[in-house]
Each structure stands twice: as C-alpha cells, then as structure tokens.
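Q: Sharing a structure, written as structure tokens. Questions coming.
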Amino acid sequence: QVQLVESGGGLVQAGDSLSLSCLASGLTATSVTMAWFRQAPGKERSFVAAIRWNSVITYYADSVEGRFTISRDLATVYLQMNSLKPEDTAVYYCAADMSRAYYSSSYYTQTSAYDYWGRGTQVTVSS
C-alpha cells in the first residue's frame, strides 16, 4: 500500500527558506516520478516541481524556477524552498506517478498524471 506523508511546513517571513519532506512507503521514490503541487485558498491545485522516474531530470513551474529545488533519495522526496514570497502561501502536496513511462514535460504538470497523493502540509509566508 502506497502512502505519502508530507512534513516541514510552517510559518515563515518573506525571504526565508523552508524545506519540505515527503516520506514514501510502498514504493521506491527513485523508481517513479515524484512531484510537489500546491493549493492556495480559493484556487485550484497547481504544479510546483517534479523529478522524473529513474532520472535526475527535473521540472519546475515558472513561478518557482531558481528558488525551489526538488530532490530525492530512496524513500523521501524533498522540496527546498528559498527566497519565499507571500504568494507561495499554500498547502503543499506530494504526489507519485506510477506509470514509469516517458512523457513530455507538460504531462508532469497535470494533477491527472499522478496516482497517489499525500494529505499536504501548510506553508504560510508573511510579508
């Protein structure tokens, strides 16, 4: 049974850094595509970053490119967030795509690409 559990969220000030973790059980995090999404109040869930299965290839939303870094080891996916802005405030979700197939980069930005989701961790950035 696959489970994804996020941690590391909190309240920080603009310009601060925060590191999120997603502990994965029931799968090997390096063997599937793993991603982070976020959802702000009143908005749809949106793509943040992904790291493709069996690869070091990463994808980022334009809004976080250069500030956020996704990485992983066998059991955990990380999201290092630097230079945080108030607009980064959201619930952050970890997701896993079990397909192990090759798709274009746009595929990985869609929520429909992912089979499993965590419950999320709140990140609040004050101005």
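Ordering of the structure tokens sets the chain letters (A, B, ...), residue numbers begin anew at 1 in every chain, and ligands are numbered from 1 in the order given.
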Quick one: residues within 8 Å of Leu20 of chain A, only C-alpha atoms, excluding same-chain residues fewer than 3 positions away - as a list of chain:residue names?
A: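 Contacts, in chain order: A:Glu6, A:Ser7, A:Gly8, A:Gly9, A:Tyr78, A:Leu79, A:Gln80, A:Met81.
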Q: Do a neighbour search on Tyr107 of chain A at 12 Å with only C-alpha atoms, toss out local chain neighbours closer than 4 positions, and write the hits as number ranges by chain.
A: A: 33, 35, 47, 50, 52, 59, 97, 99, 101-103, 111-114
Q: Give the answer as one residue: which of A:Cys22, A:Val125, A:Ile57, A:Ala75 has the shortest atom-to-atom distance to Ala90 of chain A, using only C-alpha atoms?
A: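 Among the listed residues, the smallest separation from Ala90 of chain A belongs to A:Val125.
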Q: May I have the residues within 12 Å of Ser25 of chain A as an mmCIF file with N, CA and C atoms, in the first residue's frame, using only C-alpha atoms and disregarding those fewer than 3 positions away in the same chain?
A:
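The resulting file, out-v5.cif, is reproduced below:
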```cif
data_model
loop_
_atom_site.group_PDB
_atom_site.id
_atom_site.type_symbol
_atom_site.label_atom_id
_atom_site.label_comp_id
_atom_site.auth_asym_id
_atom_site.auth_seq_id
_atom_site.Cartn_x
_atom_site.Cartn_y
_atom_site.Cartn_z
ATOM 1 N N GLN A 1 0.842 -1.189 0.000
ATOM 2 C CA GLN A 1 0.000 0.000 0.000
ATOM 3 C C GLN A 1 0.883 1.246 0.000
ATOM 4 N N VAL A 2 0.632 2.137 -0.936
ATOM 5 C CA VAL A 2 1.434 3.343 -1.054
ATOM 6 C C VAL A 2 0.910 4.415 -0.111
ATOM 7 N N GLN A 3 1.827 5.028 0.608
ATOM 8 C CA GLN A 3 1.481 6.165 1.455
ATOM 9 C C GLN A 3 2.519 7.254 1.273
ATOM 10 N N LEU A 4 2.055 8.479 1.214
ATOM 11 C CA LEU A 4 2.917 9.644 1.115
ATOM 12 C C LEU A 4 2.590 10.574 2.273
ATOM 13 N N VAL A 5 3.600 10.941 3.037
ATOM 14 C CA VAL A 5 3.374 11.776 4.215
ATOM 15 C C VAL A 5 4.305 12.980 4.161
ATOM 16 N N GLU A 6 3.713 14.153 4.034
ATOM 17 C CA GLU A 6 4.486 15.394 3.959
ATOM 18 C C GLU A 6 4.767 15.940 5.358
ATOM 19 N N CYS A 22 8.761 14.513 1.983
ATOM 20 C CA CYS A 22 7.648 13.604 1.707
ATOM 21 C C CYS A 22 8.187 12.189 1.865
ATOM 22 N N THR A 28 9.481 2.803 -4.194
ATOM 23 C CA THR A 28 10.839 3.326 -4.139
ATOM 24 C C THR A 28 10.832 4.675 -4.852
ATOM 25 N N ALA A 29 11.137 5.709 -4.122
ATOM 26 C CA ALA A 29 10.962 7.070 -4.642
ATOM 27 C C ALA A 29 11.799 7.348 -5.875
ATOM 28 N N LEU A 74 16.017 7.230 -1.737
ATOM 29 C CA LEU A 74 15.204 6.040 -1.977
ATOM 30 C C LEU A 74 13.803 6.134 -1.375
ATOM 31 N N ALA A 75 13.666 6.835 -0.263
ATOM 32 C CA ALA A 75 12.394 6.808 0.450
ATOM 33 C C ALA A 75 11.739 8.170 0.620
ATOM 34 N N THR A 76 12.442 9.245 0.266
ATOM 35 C CA THR A 76 11.944 10.576 0.591
ATOM 36 C C THR A 76 12.154 11.536 -0.581
ATOM 37 N N VAL A 77 11.164 12.384 -0.781
ATOM 38 C CA VAL A 77 11.280 13.465 -1.760
ATOM 39 C C VAL A 77 11.321 14.782 -0.995
ATOM 40 N N ALA A 96 2.771 10.924 -6.510
ATOM 41 C CA ALA A 96 3.559 9.897 -7.185
ATOM 42 C C ALA A 96 2.834 9.414 -8.443
ATOM 43 N N TYR A 116 -1.050 8.746 -6.641
ATOM 44 C CA TYR A 116 -1.126 8.809 -5.185
ATOM 45 C C TYR A 116 -0.778 10.212 -4.713
ATOM 46 N N TRP A 117 -1.443 10.604 -3.627
ATOM 47 C CA TRP A 117 -1.258 11.932 -3.054
ATOM 48 C C TRP A 117 -1.130 11.852 -1.548
ATOM 49 N N GLY A 118 -0.329 12.765 -1.005
ATOM 50 C CA GLY A 118 -0.306 12.921 0.438
ATOM 51 C C GLY A 118 -1.416 13.851 0.889
#
```
Q: DSSP on the backbone, then: every residue of chain A marked strand (DSSP E or B), written as a PyMOL selection string.
A: chain A and resi 3-7+10-13+18-25+33-39+46-51+58-60+68-72+76-81+90-97+116-117+121-126
Q: Near segment 43-45 of chain A, counting only C-alpha atoms, which residues have an atom at most 10 Å away, once you skip same-chain residues fewer than 4 positions from it, shown as a list in words?
A: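 Listing them by chain and then by number gives Phe37, Arg38, Gln39, Ala90, Val91, Tyr92, Tyr93, Gln110 and Thr111 of chain A.
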Q: Residues as selected, N, CA, C and O atoms, written as a short mmCIF file (atom, residue, chain, number, x, y, z; two decimals), in the first residue's frame, can you do that?
A:
```cif
data_model
loop_
_atom_site.label_atom_id
_atom_site.label_comp_id
_atom_site.auth_asym_id
_atom_site.auth_seq_id
_atom_site.Cartn_x
_atom_site.Cartn_y
_atom_site.Cartn_z
N PHE A 37 2.91 19.66 -5.60
CA PHE A 37 1.88 20.59 -6.05
C PHE A 37 1.51 21.48 -4.86
O PHE A 37 1.86 21.17 -3.73
N ARG A 38 0.79 22.53 -5.11
CA ARG A 38 0.30 23.37 -4.01
C ARG A 38 -1.08 23.91 -4.34
O ARG A 38 -1.47 24.01 -5.50
N GLN A 39 -1.79 24.25 -3.27
CA GLN A 39 -3.14 24.78 -3.42
C GLN A 39 -3.35 25.90 -2.42
O GLN A 39 -3.32 25.68 -1.21
N ALA A 90 0.43 28.32 0.72
CA ALA A 90 -0.46 27.29 0.20
C ALA A 90 -0.28 26.02 1.02
O ALA A 90 0.64 25.91 1.82
N VAL A 91 -1.16 25.07 0.76
CA VAL A 91 -0.94 23.71 1.24
C VAL A 91 -0.13 22.99 0.15
O VAL A 91 -0.51 23.03 -1.03
N TYR A 92 0.96 22.38 0.55
CA TYR A 92 1.84 21.70 -0.39
C TYR A 92 1.61 20.19 -0.32
O TYR A 92 1.64 19.61 0.77
N TYR A 93 1.41 19.60 -1.50
CA TYR A 93 1.12 18.17 -1.60
C TYR A 93 2.21 17.44 -2.37
O TYR A 93 2.72 17.93 -3.38
N GLN A 110 0.36 18.11 -14.74
CA GLN A 110 -1.08 17.90 -14.58
C GLN A 110 -1.38 17.02 -13.37
O GLN A 110 -0.76 15.97 -13.20
N THR A 111 -2.38 17.39 -12.59
CA THR A 111 -2.76 16.57 -11.43
C THR A 111 -3.22 15.17 -11.87
O THR A 111 -3.01 14.20 -11.14
#
```
Q: What's the separation between atom CA of Cys94 of chain A and atom CA of Ala24 of chain A, in Å to one decimal place?
A: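 About the pair atom CA of Cys94 of chain A and atom CA of Ala24 of chain A: they are 9.3 Å apart.
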Q: Which one of A:Gly120, A:Asp115, A:Gly42, A:Leu84 sits closest to Arg100 of chain A if you count only C-alpha atoms?
A: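 Going through A:Gly120, A:Asp115, A:Gly42, A:Leu84 one by one, the smallest distance to Arg100 of chain A is for A:Asp115.
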Q: Give me, please, the distance in Å between atom CA of Gly10 of chain A and atom CA of Thr30 of chain A, quoted to one decimal.
A: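 These atoms are spaced 26.6 Å apart.
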Q: Which one is closest to Thr69 of chain A: A:Ser127, A:Asn82, A:Gln13, A:Ser46? Count only C-alpha atoms.
A: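 Counting only C-alpha atoms, the residue closest to Thr69 of chain A is A:Asn82.
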Q: Report the distance between atom CA of Met34 of chain A and atom CA of Gly66 of chain A in Å, rounded to one decimal place.
A: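 Atom CA of Gly66 of chain A lies 18.9 Å from atom CA of Met34 of chain A.
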Q: Choose the residue, out of A:Trp36, A:Ser83, A:Ser31, A:Leu11, that has the smallest atom-to-atom separation from Ser55 of chain A; count only C-alpha atoms.
A: A:Ser31
Q: Looking at A:Ala61, A:Met98, A:Ala40, A:Leu27, which one is nearest to Asp73 of chain A, with distances taken over only C-alpha atoms?
A: A:Leu27
Q: Of the residues A:Gly15, A:Ser21, A:Ile51, A:Glu65, which is the one nearest to Ser105 of chain A, using only C-alpha atoms?
A: A:Ile51
